[in-house]
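Just query.cif here, mmCIF, C-alpha atoms:
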```cif
data_upload
#
loop_
_atom_site.label_atom_id
_atom_site.label_comp_id
_atom_site.auth_asym_id
_atom_site.auth_seq_id
_atom_site.Cartn_x
_atom_site.Cartn_y
_atom_site.Cartn_z
CA MET A 1 0.00 0.00 0.00
CA ARG A 2 1.54 3.27 -1.13
CA LYS A 3 1.57 6.56 0.79
CA ILE A 4 1.09 9.43 -1.64
CA ILE A 5 0.97 13.17 -0.94
CA HIS A 6 -0.35 15.58 -3.55
CA CYS A 7 0.79 19.15 -2.88
CA ASP A 8 -0.86 22.07 -4.66
CA CYS A 9 0.12 25.70 -4.08
CA ASP A 10 -2.99 27.86 -3.61
CA CYS A 11 -3.54 30.35 -6.51
CA PHE A 12 0.22 30.21 -7.00
CA TYR A 13 1.06 33.21 -9.20
CA ALA A 14 -1.42 35.40 -7.33
CA ALA A 15 -0.10 34.14 -3.99
CA VAL A 16 3.44 35.20 -4.88
CA GLU A 17 2.22 38.67 -5.91
CA MET A 18 0.24 39.04 -2.66
CA ARG A 19 3.26 37.93 -0.65
CA ASP A 20 5.40 40.59 -2.31
CA ASN A 21 2.70 43.29 -2.03
CA PRO A 22 0.43 42.71 1.00
CA ALA A 23 -1.83 45.55 -0.17
CA LEU A 24 -3.18 43.09 -2.75
CA ASN A 25 -4.29 40.54 -0.15
CA ASP A 26 -7.94 41.57 0.10
CA VAL A 27 -8.59 42.91 -3.39
CA PRO A 28 -9.50 40.89 -6.49
CA ILE A 29 -6.42 40.30 -8.64
CA ALA A 30 -5.78 38.28 -11.80
CA ILE A 31 -2.51 37.32 -13.41
CA GLY A 32 -2.51 37.25 -17.18
CA GLY A 33 -2.39 39.10 -20.47
CA SER A 34 -3.86 42.51 -21.14
CA VAL A 35 -7.24 43.11 -22.72
CA GLU A 36 -5.56 44.95 -25.62
CA GLN A 37 -3.62 41.77 -26.44
CA ARG A 38 -6.73 39.65 -25.86
CA GLY A 39 -5.08 37.95 -22.92
CA VAL A 40 -6.58 35.34 -20.63
CA VAL A 41 -6.49 34.79 -16.88
CA ALA A 42 -3.59 32.52 -15.87
CA THR A 43 -4.75 32.46 -12.24
CA CYS A 44 -6.57 34.70 -9.79
CA ASN A 45 -6.90 35.04 -6.04
CA TYR A 46 -9.92 33.98 -4.00
CA PRO A 47 -11.50 37.48 -3.79
CA ALA A 48 -11.54 37.45 -7.61
CA ARG A 49 -13.09 33.97 -7.69
CA GLU A 50 -16.06 35.31 -5.73
CA PHE A 51 -16.97 37.19 -8.93
CA GLY A 52 -16.89 33.97 -10.96
CA ILE A 53 -13.47 34.62 -12.44
CA HIS A 54 -11.34 31.56 -13.20
CA SER A 55 -8.23 30.52 -15.11
CA ALA A 56 -8.42 30.48 -18.93
CA MET A 57 -11.21 33.11 -18.87
CA PRO A 58 -10.65 35.99 -21.34
CA MET A 59 -9.42 39.01 -19.41
CA ALA A 60 -12.07 41.20 -21.04
CA GLN A 61 -14.78 38.94 -19.62
CA ALA A 62 -13.10 38.93 -16.19
CA LEU A 63 -13.14 42.74 -16.14
CA LYS A 64 -16.83 42.77 -17.05
CA ARG A 65 -17.55 40.56 -14.05
CA CYS A 66 -15.32 42.62 -11.78
CA PRO A 67 -14.59 46.13 -13.14
CA HIS A 68 -12.28 46.90 -10.22
CA LEU A 69 -10.15 43.79 -10.87
CA THR A 70 -6.41 44.43 -10.55
CA VAL A 71 -4.67 42.87 -13.57
CA ILE A 72 -1.01 41.93 -13.21
CA ARG A 73 1.06 40.91 -16.20
CA GLY A 74 3.03 38.37 -14.20
CA ASP A 75 6.70 37.48 -13.85
CA MET A 76 7.49 33.88 -14.85
CA ALA A 77 11.12 34.15 -13.79
CA LYS A 78 10.00 35.06 -10.27
CA TYR A 79 7.40 32.30 -10.14
CA LYS A 80 9.92 29.70 -11.30
CA ALA A 81 12.37 30.82 -8.61
CA VAL A 82 9.69 30.42 -5.93
CA ALA A 83 8.73 27.02 -7.33
CA ARG A 84 12.35 25.88 -7.00
CA GLN A 85 12.25 26.86 -3.32
CA VAL A 86 9.03 24.90 -2.79
CA PHE A 87 10.39 21.80 -4.52
CA ALA A 88 13.57 21.99 -2.45
CA ILE A 89 11.36 21.54 0.63
CA TYR A 90 9.69 18.55 -1.02
CA ARG A 91 13.11 17.01 -1.70
CA ASP A 92 13.98 17.26 1.99
CA VAL A 93 11.21 14.69 2.47
CA THR A 94 11.59 12.41 -0.55
CA GLU A 95 13.33 12.15 -3.91
CA LEU A 96 10.29 10.41 -5.40
CA ILE A 97 8.61 13.53 -6.77
CA GLU A 98 6.47 13.82 -9.88
CA PRO A 99 6.00 17.47 -10.87
CA LEU A 100 2.72 18.21 -12.64
CA SER A 101 3.40 21.92 -13.07
CA LEU A 102 5.23 24.74 -11.30
CA ASP A 103 2.72 24.65 -8.47
CA GLU A 104 1.79 21.00 -7.90
CA ALA A 105 3.41 17.61 -7.50
CA PHE A 106 2.94 14.06 -6.28
CA LEU A 107 5.28 12.79 -3.54
CA ASP A 108 5.72 9.09 -2.78
CA VAL A 109 6.59 8.80 0.92
CA THR A 110 5.86 5.08 1.28
CA ASN A 111 9.31 4.21 2.61
CA VAL A 112 10.15 7.54 4.27
CA THR A 113 10.88 7.27 8.00
CA LEU A 114 10.46 10.97 8.86
CA CYS A 115 7.65 11.77 11.30
CA ASN A 116 7.66 8.11 12.35
CA GLY A 117 6.53 7.23 8.84
CA SER A 118 3.29 9.24 9.09
CA ALA A 119 2.39 10.68 5.67
CA THR A 120 -0.14 12.99 7.33
CA ARG A 121 2.48 14.51 9.61
CA MET A 122 4.92 14.84 6.70
CA ALA A 123 2.30 16.71 4.69
CA GLU A 124 1.60 19.07 7.58
CA ALA A 125 5.33 19.66 8.09
CA ILE A 126 5.71 20.52 4.40
CA ARG A 127 2.80 22.95 4.57
CA GLN A 128 4.20 24.68 7.64
CA ARG A 129 7.67 25.04 6.12
CA VAL A 130 6.36 26.48 2.86
CA LYS A 131 4.23 28.99 4.75
CA SER A 132 6.97 30.08 7.18
CA GLU A 133 9.97 29.99 4.81
CA ILE A 134 8.43 31.05 1.50
CA GLY A 135 5.31 32.94 2.54
CA ILE A 136 2.65 31.16 0.48
CA THR A 137 0.24 28.36 1.32
CA VAL A 138 0.00 24.79 0.07
CA SER A 139 -3.01 22.49 0.20
CA ALA A 140 -2.21 18.80 0.49
CA GLY A 141 -4.00 15.52 0.05
CA VAL A 142 -2.81 12.23 1.53
CA ALA A 143 -4.05 8.89 0.20
CA PRO A 144 -2.92 5.41 -0.88
CA ASN A 145 -2.81 6.39 -4.56
CA LYS A 146 -2.41 9.34 -6.94
CA PHE A 147 -6.07 9.54 -7.98
CA LEU A 148 -7.33 9.94 -4.41
CA ALA A 149 -4.44 12.14 -3.25
CA LYS A 150 -5.15 14.69 -6.00
CA ILE A 151 -8.84 14.79 -5.14
CA ALA A 152 -8.00 15.11 -1.44
CA SER A 153 -5.73 18.14 -1.96
CA ASP A 154 -8.67 20.04 -3.43
CA TRP A 155 -11.09 19.01 -0.67
CA ARG A 156 -10.20 21.72 1.85
CA LYS A 157 -8.66 24.44 -0.30
CA PRO A 158 -7.24 26.91 0.34
CA ASP A 159 -4.55 26.16 2.92
CA GLY A 160 -6.04 22.78 3.81
CA LEU A 161 -5.07 19.18 4.47
CA PHE A 162 -7.34 16.19 3.81
CA VAL A 163 -6.50 12.54 4.41
CA ILE A 164 -8.13 9.47 2.87
CA THR A 165 -7.04 6.37 4.78
CA PRO A 166 -7.27 2.85 3.29
CA ASN A 167 -10.30 2.18 5.51
CA ASP A 168 -12.02 5.34 4.22
CA ILE A 169 -11.64 4.64 0.51
CA ASP A 170 -14.85 2.73 -0.11
CA SER A 171 -17.22 5.09 1.70
CA PHE A 172 -15.46 8.19 0.32
CA VAL A 173 -15.42 7.07 -3.30
CA GLN A 174 -19.00 5.86 -3.42
CA GLN A 175 -20.27 9.38 -2.68
CA LEU A 176 -17.75 11.09 -4.97
CA PRO A 177 -19.37 12.99 -7.88
CA VAL A 178 -18.09 11.68 -11.22
CA LYS A 179 -17.29 15.24 -12.31
CA LYS A 180 -14.46 15.17 -9.74
CA ILE A 181 -12.69 12.44 -11.70
CA HIS A 182 -9.72 13.73 -13.69
CA GLY A 183 -10.56 13.46 -17.38
CA VAL A 184 -14.29 13.93 -16.93
CA GLY A 185 -14.90 17.25 -18.64
CA PRO A 186 -18.23 19.00 -19.18
CA ARG A 187 -19.18 16.86 -22.19
CA THR A 188 -18.36 13.55 -20.53
CA ALA A 189 -20.14 14.66 -17.35
CA GLU A 190 -23.19 15.55 -19.43
CA LYS A 191 -23.11 12.15 -21.14
CA LEU A 192 -22.77 10.38 -17.80
CA ALA A 193 -25.68 12.38 -16.38
CA GLY A 194 -27.75 11.38 -19.40
CA LEU A 195 -27.12 7.77 -18.41
CA GLY A 196 -28.22 8.49 -14.85
CA ILE A 197 -24.64 8.41 -13.52
CA GLN A 198 -23.89 11.15 -10.97
CA THR A 199 -21.62 9.43 -8.43
CA CYS A 200 -19.03 6.68 -8.37
CA ALA A 201 -21.63 4.44 -6.73
CA ASP A 202 -23.70 4.89 -9.90
CA LEU A 203 -20.66 3.96 -11.99
CA ARG A 204 -20.12 0.78 -10.00
CA ALA A 205 -23.68 -0.29 -10.67
CA ARG A 206 -23.10 -0.34 -14.42
CA PRO A 207 -21.52 -3.34 -16.20
CA LEU A 208 -17.96 -2.74 -17.35
CA THR A 209 -18.96 -3.76 -20.88
CA GLU A 210 -21.54 -0.95 -21.00
CA LEU A 211 -19.02 1.67 -19.86
CA VAL A 212 -16.48 0.52 -22.44
CA GLU A 213 -19.14 0.59 -25.13
CA GLN A 214 -20.09 4.16 -24.19
CA PHE A 215 -16.66 5.62 -23.45
CA GLY A 216 -14.08 3.31 -25.03
CA ARG A 217 -10.87 2.73 -23.06
CA PHE A 218 -11.81 5.56 -20.71
CA GLY A 219 -14.83 3.49 -19.68
CA HIS A 220 -12.49 0.90 -18.17
CA ARG A 221 -10.59 3.65 -16.39
CA LEU A 222 -13.84 5.07 -14.99
CA PHE A 223 -14.84 1.65 -13.69
CA GLU A 224 -11.51 1.18 -11.87
CA LEU A 225 -11.56 4.67 -10.36
CA SER A 226 -15.13 4.20 -9.13
CA PHE A 227 -13.62 1.69 -6.67
CA GLY A 228 -10.71 4.01 -5.82
CA ARG A 229 -8.20 1.83 -7.67
CA ASP A 230 -5.15 3.48 -9.20
CA GLU A 231 -1.87 1.60 -9.57
CA ARG A 232 0.08 4.36 -11.34
CA PRO A 233 3.47 4.91 -9.67
CA VAL A 234 4.94 8.32 -8.97
CA LYS A 235 7.22 9.04 -11.96
CA THR A 236 10.22 11.23 -11.31
CA HIS A 237 10.72 11.61 -15.07
CA ARG A 238 7.69 12.77 -17.04
CA GLU A 239 7.75 11.94 -20.70
CA ARG A 240 6.95 14.83 -23.01
CA LYS A 241 4.22 13.77 -25.43
CA SER A 242 3.93 16.94 -27.48
CA ILE A 243 5.31 20.40 -28.04
CA SER A 244 3.36 23.34 -29.37
CA THR A 245 3.04 27.08 -29.68
CA GLU A 246 0.05 29.35 -30.15
CA GLN A 247 -0.75 32.99 -30.71
CA THR A 248 -3.79 35.09 -29.80
CA TYR A 249 -4.17 37.93 -32.27
CA SER A 250 -5.05 41.50 -31.29
CA GLN A 251 -7.51 41.55 -34.20
CA ASP A 252 -9.39 38.56 -35.55
CA LEU A 253 -8.04 36.90 -38.68
CA PRO A 254 -11.01 37.32 -41.03
CA THR A 255 -10.27 34.70 -43.70
CA LEU A 256 -8.58 31.37 -44.27
CA GLU A 257 -5.91 33.13 -46.32
CA ALA A 258 -5.18 35.51 -43.42
CA CYS A 259 -4.72 32.45 -41.20
CA ARG A 260 -2.39 30.82 -43.72
CA GLN A 261 -0.18 33.91 -43.69
CA GLN A 262 0.46 33.40 -39.96
CA LEU A 263 1.67 29.81 -40.31
CA PRO A 264 5.35 30.49 -41.20
CA ASP A 265 5.93 32.55 -38.03
CA LEU A 266 4.16 29.95 -35.89
CA LEU A 267 6.18 27.10 -37.42
CA ASN A 268 9.45 28.98 -36.94
CA ASP A 269 8.64 29.38 -33.23
CA LEU A 270 7.65 25.70 -33.02
CA GLU A 271 10.98 24.67 -34.56
CA ARG A 272 12.90 26.85 -32.08
CA ARG A 273 11.07 25.19 -29.18
CA TYR A 274 11.63 21.72 -30.59
CA ALA A 275 15.35 22.39 -31.13
CA ARG A 276 15.74 23.21 -27.40
CA LEU A 277 14.65 19.68 -26.39
CA ASP A 278 17.62 17.59 -25.32
CA PRO A 279 17.45 14.93 -26.55
CA ALA A 280 14.84 15.80 -29.15
CA PRO A 281 12.32 12.92 -29.49
CA ALA A 282 11.24 11.85 -32.94
CA VAL A 283 8.16 13.58 -34.35
CA ARG A 284 5.25 11.23 -34.98
CA GLY A 285 2.51 13.68 -35.92
CA LEU A 286 1.40 17.26 -36.30
CA MET A 287 -1.57 19.27 -35.09
CA VAL A 288 -3.26 22.60 -35.71
CA LYS A 289 -5.53 24.38 -33.23
CA VAL A 290 -8.07 27.00 -34.30
CA LYS A 291 -10.07 29.16 -31.88
CA PHE A 292 -12.81 31.23 -33.48
CA ASN A 293 -14.11 34.63 -32.41
CA ASP A 294 -17.03 33.01 -30.59
CA PHE A 295 -14.47 31.11 -28.43
CA THR A 296 -15.33 27.72 -29.92
CA GLN A 297 -12.22 25.82 -30.89
CA THR A 298 -11.11 22.74 -32.76
CA THR A 299 -7.91 20.72 -33.14
CA VAL A 300 -6.94 18.77 -36.24
CA GLU A 301 -4.20 16.13 -36.17
CA HIS A 302 -2.35 13.95 -38.66
CA ALA A 303 0.24 11.22 -38.08
CA ASP A 304 3.41 11.89 -40.05
CA PRO A 305 7.10 11.64 -39.07
CA ALA A 306 8.16 14.37 -41.54
CA PRO A 307 5.78 17.34 -41.27
CA ASN A 308 6.02 20.30 -43.62
CA LEU A 309 4.23 23.56 -44.37
CA ASP A 310 1.83 22.00 -46.90
CA GLN A 311 0.60 19.51 -44.32
CA PHE A 312 0.00 22.23 -41.73
CA GLU A 313 -1.88 24.25 -44.36
CA SER A 314 -4.09 21.22 -45.12
CA LEU A 315 -4.93 20.78 -41.42
CA LEU A 316 -5.62 24.50 -41.09
CA THR A 317 -8.04 24.29 -44.03
CA ILE A 318 -9.91 21.45 -42.34
CA GLY A 319 -10.02 23.29 -39.04
CA TRP A 320 -11.19 26.54 -40.63
CA ALA A 321 -14.01 24.70 -42.43
CA ARG A 322 -15.41 23.57 -39.08
CA GLY A 323 -16.25 27.16 -38.15
CA GLU A 324 -15.80 29.39 -41.21
CA ARG A 325 -15.69 32.53 -39.13
CA PRO A 326 -12.99 34.96 -37.93
CA VAL A 327 -10.18 33.42 -35.88
CA ARG A 328 -8.77 34.83 -32.64
CA LEU A 329 -6.10 32.19 -31.95
CA LEU A 330 -3.97 29.77 -33.95
CA GLY A 331 -1.71 27.03 -32.61
CA VAL A 332 0.60 24.44 -34.17
CA GLY A 333 2.39 21.51 -32.60
CA TYR A 334 4.16 18.17 -32.90
CA ARG A 335 3.14 14.88 -31.35
CA LEU A 336 6.32 13.25 -30.09
CA ALA A 337 7.37 9.62 -30.15
CA GLU A 338 7.44 7.70 -26.89
CA GLU A 339 10.78 7.29 -25.17
CA THR A 340 10.98 3.58 -26.05
CA THR A 341 10.41 4.46 -29.71
CA VAL A 342 13.21 7.02 -29.58
CA GLN A 343 15.58 4.45 -28.13
CA GLN A 344 14.69 1.94 -30.84
CA LEU A 345 15.28 4.50 -33.58
CA SER A 346 18.69 5.36 -32.18
CA LEU A 347 19.84 1.79 -32.78
CA PHE A 348 19.70 2.20 -36.54
#
```

Rewrite the structure of this file - the entire thing - as C-alpha cells.
Amino acid sequence: MRKIIHCDCDCFYAAVEMRDNPALNDVPIAIGGSVEQRGVVATCNYPAREFGIHSAMPMAQALKRCPHLTVIRGDMAKYKAVARQVFAIYRDVTELIEPLSLDEAFLDVTNVTLCNGSATRMAEAIRQRVKSEIGITVSAGVAPNKFLAKIASDWRKPDGLFVITPNDIDSFVQQLPVKKIHGVGPRTAEKLAGLGIQTCADLRARPLTELVEQFGRFGHRLFELSFGRDERPVKTHRERKSISTEQTYSQDLPTLEACRQQLPDLLNDLERRYARLDPAPAVRGLMVKVKFNDFTQTTVEHADPAPNLDQFESLLTIGWARGERPVRLLGVGYRLAEETTVQQLSLF
C-alpha cells in the first residue's frame, strides 16, 4: 500500500504577488495578459473567484464581471524561482517527486521514516515550512494512490489538508461525484448524467462492458476509479508527449488566407522550441488548433514523421471549415514519439 501526498500551491502566481505586495491581499487580482492583447487569466486570487473569475477566462470577460479587478502581467522568472524553493522543501522529504506543473506535484513517501513514517504529519510539516519559509500556502492531500491524493488536496482548499485512509476509501469514493474524476470534462459529465450516472456508486452499478461501449478505453478507467483503484506509480521523469506554440491575435483573422499567412511565423517558433529539447524525441505527428471569435475551438491532427508547411496548411483548411468565421487564436504543434520508440530508432 503506497503513501502518496499531492501538494498544490494555492492560486500560485497570485499568492506570490500578494506575498510581495500585501496591499493586494484583500482585493481581487488576476494574473494574465492585457485586454488589448486579448489575454486570458492565468490564475486569480480567492476574492476574484467570488466574482466567478477563473483561469483560462478571457481578461475582457473577467473585467466585465469585476470592473475593479487588478490585472497583473506576471513574472514567470520570479514564479519559477519560488517554485524551486518549494520543490527543495519537497526534496527534503523524498526524492520520489512527480511534478505536474510549477505549483503542484505528487510525492511518494511510502518508505520515508520521517515523522515516524506518518504521511499525514509529513504533509503538515511541508505545509508549515512552505508557509513560514516562502510565505505562500500549500493544500495537500494524503491517500494510498495518486487519484485519491489529487482529489483530497482540493477538498479543503485553500490552505487545507485532507487525508483518505485505506479504511475510508470505499465510503469516500461511493459518494464522490463523477465530475471530480480527472478526465471527466463538461461533455463527458453531461453524457454520464444522461445515463443516470452522478456518483461513483452509480458507476459501480453499471456493467464494465456498457461503460467501455459508451466511453471506449476511458470506460475501463472510470470503472476502476469508481472503486478508488489506481496503480500508477509516482514518476520522477515525465515523458513529453507533445510540443506546441500558439498565438492570440489582437484583431481577428477574417479569412482562411489571413490564417495561412500566420503559419510560417508559428512554425518557426515551433521549430525553435523543438530544437531546445535535449534529446529531441522523434516527431510522430502534427496538429493545428483553431479558436474562433465566438471562443469555440477545434484541433486537427495527422500522423506523419516528416511534417512540412503544406501539411500544416491542409490541417488548417480542415479546421477553418469547421467554423468558417474569424479566428482569434492559432496554434501548431508536434506529437512526439514515446521514449521507447526514440531508443529503438537510435539503434539504426

Each residue of region 236-313 of chain A with at least one atom at most 12 Å from region 46-67 of chain A should appear once, together with its nearest atom pair and the corresponding distance in Å (one decimal); atoms considered: only C-alpha atoms; ordering: chain, then increasing residue number; output as JSON lines.
```
{"residue": "A:Thr248", "atom": "CA", "partner": "A:Pro58", "partner_atom": "CA", "distance": 10.9}
{"residue": "A:Asn293", "atom": "CA", "partner": "A:Pro58", "partner_atom": "CA", "distance": 11.7}
{"residue": "A:Asp294", "atom": "CA", "partner": "A:Pro58", "partner_atom": "CA", "distance": 11.6}
{"residue": "A:Phe295", "atom": "CA", "partner": "A:Pro58", "partner_atom": "CA", "distance": 9.4}
```

Just want the 7 Å neighbourhood of region 233-239 of chain A, counted on all atoms listed in the file, with same-chain residues fewer than 4 positions away dropped. Output as JSON, numbers by chain. {"A": [96, 97, 98, 106, 108]}

Residues within 10 Å of Asp230 (chain A), all atoms listed in the file, excluding chain neighbours under 5 positions, as number ranges by chain: A: 144-148, 221, 224-225

Expected selection from the PyMOL selection byres ((chain A and resi 200) around 7), given as a ChimeraX atom specification: /A:173-178,199,201-204,226

Restricting the output to C-alpha atoms, write the selected residues as a tab-separated table (two decimals), in the coordinates of the input.
```
chain	number	residue	atom	x	y	z
A	173	VAL	CA	-15.42	7.07	-3.30
A	174	GLN	CA	-19.00	5.86	-3.42
A	175	GLN	CA	-20.27	9.38	-2.68
A	176	LEU	CA	-17.75	11.09	-4.97
A	177	PRO	CA	-19.37	12.99	-7.88
A	178	VAL	CA	-18.09	11.68	-11.22
A	199	THR	CA	-21.62	9.43	-8.43
A	201	ALA	CA	-21.63	4.44	-6.73
A	202	ASP	CA	-23.70	4.89	-9.90
A	203	LEU	CA	-20.66	3.96	-11.99
A	204	ARG	CA	-20.12	0.78	-10.00
A	226	SER	CA	-15.13	4.20	-9.13
```

Excluding same-chain residues fewer than 6 positions from region 23-29 of chain A, what lies within 6 Å of it counting all atoms listed in the file, as a PyMOL selection string? chain A and resi 44-45+47-48+69-71

Pick the closest to Ala149 (chain A) from A:Ile31, A:Leu114, A:Ala119, A:Cys9: which is it, counting only C-alpha atoms? A:Ala119

Since I can't run it myself right now, could you work out what the PyMOL selection byres ((chain A and resi 260) around 10) selects here and report it as a list in words? Leu253, Thr255, Leu256, Glu257, Ala258, Cys259, Gln261, Gln262, Leu263, Pro264, Leu309, Phe312, Glu313, Ser314, Leu316, Thr317 and Leu330 of chain A

Take the point (11.5, 33.1, -9.3) as written in the file and pick out every residue within 12 Å of it, counting all atoms listed in the file; give the list as a list in words.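 It turns out the residues near that spot are Phe12, Tyr13, Val16, Glu17, Asp20, Gly74, Asp75, Met76, Ala77, Lys78, Tyr79, Lys80, Ala81, Val82, Ala83, Arg84, Gln85, Val86, Leu102 and Ile134 of chain A.
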
Quick one: apply the PyMOL selection byres ((chain A and resi 285-289) around 12) to the file and drop the selected residues here as an mmCIF file with C-alpha atoms, in the coordinates of the input.
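Produced file result.cif, reproduced below:
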```cif
data_model
loop_
_atom_site.group_PDB
_atom_site.id
_atom_site.type_symbol
_atom_site.label_atom_id
_atom_site.label_comp_id
_atom_site.auth_asym_id
_atom_site.auth_seq_id
_atom_site.Cartn_x
_atom_site.Cartn_y
_atom_site.Cartn_z
ATOM 1 C CA LYS A 241 4.220 13.770 -25.430
ATOM 2 C CA SER A 242 3.930 16.940 -27.480
ATOM 3 C CA ILE A 243 5.310 20.400 -28.040
ATOM 4 C CA SER A 244 3.360 23.340 -29.370
ATOM 5 C CA THR A 245 3.040 27.080 -29.680
ATOM 6 C CA GLU A 246 0.050 29.350 -30.150
ATOM 7 C CA GLN A 247 -0.750 32.990 -30.710
ATOM 8 C CA THR A 248 -3.790 35.090 -29.800
ATOM 9 C CA CYS A 259 -4.720 32.450 -41.200
ATOM 10 C CA ARG A 260 -2.390 30.820 -43.720
ATOM 11 C CA LEU A 263 1.670 29.810 -40.310
ATOM 12 C CA LEU A 266 4.160 29.950 -35.890
ATOM 13 C CA LEU A 267 6.180 27.100 -37.420
ATOM 14 C CA LEU A 270 7.650 25.700 -33.020
ATOM 15 C CA PRO A 281 12.320 12.920 -29.490
ATOM 16 C CA ALA A 282 11.240 11.850 -32.940
ATOM 17 C CA VAL A 283 8.160 13.580 -34.350
ATOM 18 C CA ARG A 284 5.250 11.230 -34.980
ATOM 19 C CA VAL A 290 -8.070 27.000 -34.300
ATOM 20 C CA LYS A 291 -10.070 29.160 -31.880
ATOM 21 C CA PHE A 292 -12.810 31.230 -33.480
ATOM 22 C CA THR A 296 -15.330 27.720 -29.920
ATOM 23 C CA GLN A 297 -12.220 25.820 -30.890
ATOM 24 C CA THR A 298 -11.110 22.740 -32.760
ATOM 25 C CA THR A 299 -7.910 20.720 -33.140
ATOM 26 C CA VAL A 300 -6.940 18.770 -36.240
ATOM 27 C CA GLU A 301 -4.200 16.130 -36.170
ATOM 28 C CA HIS A 302 -2.350 13.950 -38.660
ATOM 29 C CA ALA A 303 0.240 11.220 -38.080
ATOM 30 C CA ASP A 304 3.410 11.890 -40.050
ATOM 31 C CA PRO A 305 7.100 11.640 -39.070
ATOM 32 C CA ALA A 306 8.160 14.370 -41.540
ATOM 33 C CA PRO A 307 5.780 17.340 -41.270
ATOM 34 C CA ASN A 308 6.020 20.300 -43.620
ATOM 35 C CA LEU A 309 4.230 23.560 -44.370
ATOM 36 C CA ASP A 310 1.830 22.000 -46.900
ATOM 37 C CA GLN A 311 0.600 19.510 -44.320
ATOM 38 C CA PHE A 312 0.000 22.230 -41.730
ATOM 39 C CA GLU A 313 -1.880 24.250 -44.360
ATOM 40 C CA SER A 314 -4.090 21.220 -45.120
ATOM 41 C CA LEU A 315 -4.930 20.780 -41.420
ATOM 42 C CA LEU A 316 -5.620 24.500 -41.090
ATOM 43 C CA THR A 317 -8.040 24.290 -44.030
ATOM 44 C CA ILE A 318 -9.910 21.450 -42.340
ATOM 45 C CA GLY A 319 -10.020 23.290 -39.040
ATOM 46 C CA TRP A 320 -11.190 26.540 -40.630
ATOM 47 C CA ARG A 322 -15.410 23.570 -39.080
ATOM 48 C CA VAL A 327 -10.180 33.420 -35.880
ATOM 49 C CA ARG A 328 -8.770 34.830 -32.640
ATOM 50 C CA LEU A 329 -6.100 32.190 -31.950
ATOM 51 C CA LEU A 330 -3.970 29.770 -33.950
ATOM 52 C CA GLY A 331 -1.710 27.030 -32.610
ATOM 53 C CA VAL A 332 0.600 24.440 -34.170
ATOM 54 C CA GLY A 333 2.390 21.510 -32.600
ATOM 55 C CA TYR A 334 4.160 18.170 -32.900
ATOM 56 C CA ARG A 335 3.140 14.880 -31.350
ATOM 57 C CA LEU A 336 6.320 13.250 -30.090
ATOM 58 C CA ALA A 337 7.370 9.620 -30.150
ATOM 59 C CA GLU A 338 7.440 7.700 -26.890
#
```

Separation of CA of Leu161 (chain A) from CA of Ile126 (chain A), in Å and rounded to one decimal: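 CA of Ile126 (chain A) lies 10.9 Å from CA of Leu161 (chain A).
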
Working from the structure I just supplied, which lacks atoms in region 121-134 of chain A, can you model N, CA and C atoms there and output them as a PDB file, in the coordinates of the input?
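The file below, selection-v7.pdb, is the result:
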```
ATOM      1  N   ARG A 121       1.599  13.569   8.908  1.00  0.00           N
ATOM      2  CA  ARG A 121       2.480  14.510   9.610  1.00  0.00           C
ATOM      3  C   ARG A 121       3.528  15.093   8.668  1.00  0.00           C
ATOM      4  N   MET A 122       3.981  14.297   7.700  1.00  0.00           N
ATOM      5  CA  MET A 122       4.920  14.840   6.700  1.00  0.00           C
ATOM      6  C   MET A 122       4.257  15.941   5.889  1.00  0.00           C
ATOM      7  N   ALA A 123       3.018  15.708   5.476  1.00  0.00           N
ATOM      8  CA  ALA A 123       2.300  16.710   4.690  1.00  0.00           C
ATOM      9  C   ALA A 123       2.120  17.999   5.484  1.00  0.00           C
ATOM     10  N   GLU A 124       1.782  17.877   6.750  1.00  0.00           N
ATOM     11  CA  GLU A 124       1.600  19.070   7.580  1.00  0.00           C
ATOM     12  C   GLU A 124       2.926  19.790   7.767  1.00  0.00           C
ATOM     13  N   ALA A 125       4.013  19.036   7.941  1.00  0.00           N
ATOM     14  CA  ALA A 125       5.330  19.660   8.090  1.00  0.00           C
ATOM     15  C   ALA A 125       5.715  20.418   6.821  1.00  0.00           C
ATOM     16  N   ILE A 126       5.436  19.852   5.667  1.00  0.00           N
ATOM     17  CA  ILE A 126       5.710  20.520   4.400  1.00  0.00           C
ATOM     18  C   ILE A 126       4.922  21.826   4.320  1.00  0.00           C
ATOM     19  N   ARG A 127       3.650  21.768   4.647  1.00  0.00           N
ATOM     20  CA  ARG A 127       2.800  22.950   4.570  1.00  0.00           C
ATOM     21  C   ARG A 127       3.299  24.065   5.494  1.00  0.00           C
ATOM     22  N   GLN A 128       3.710  23.685   6.684  1.00  0.00           N
ATOM     23  CA  GLN A 128       4.200  24.680   7.640  1.00  0.00           C
ATOM     24  C   GLN A 128       5.498  25.314   7.169  1.00  0.00           C
ATOM     25  N   ARG A 129       6.392  24.496   6.600  1.00  0.00           N
ATOM     26  CA  ARG A 129       7.670  25.040   6.120  1.00  0.00           C
ATOM     27  C   ARG A 129       7.458  25.988   4.945  1.00  0.00           C
ATOM     28  N   VAL A 130       6.607  25.615   4.000  1.00  0.00           N
ATOM     29  CA  VAL A 130       6.360  26.480   2.860  1.00  0.00           C
ATOM     30  C   VAL A 130       5.775  27.818   3.316  1.00  0.00           C
ATOM     31  N   LYS A 131       4.861  27.760   4.268  1.00  0.00           N
ATOM     32  CA  LYS A 131       4.230  28.990   4.750  1.00  0.00           C
ATOM     33  C   LYS A 131       5.255  29.873   5.492  1.00  0.00           C
ATOM     34  N   SER A 132       6.056  29.275   6.358  1.00  0.00           N
ATOM     35  CA  SER A 132       6.970  30.080   7.180  1.00  0.00           C
ATOM     36  C   SER A 132       8.208  30.521   6.402  1.00  0.00           C
ATOM     37  N   GLU A 133       8.719  29.672   5.510  1.00  0.00           N
ATOM     38  CA  GLU A 133       9.970  29.990   4.810  1.00  0.00           C
ATOM     39  C   GLU A 133       9.766  30.725   3.496  1.00  0.00           C
ATOM     40  N   ILE A 134       8.630  30.484   2.830  1.00  0.00           N
ATOM     41  CA  ILE A 134       8.430  31.050   1.500  1.00  0.00           C
ATOM     42  C   ILE A 134       7.301  32.076   1.489  1.00  0.00           C
TER      43      ILE A 134
END
```
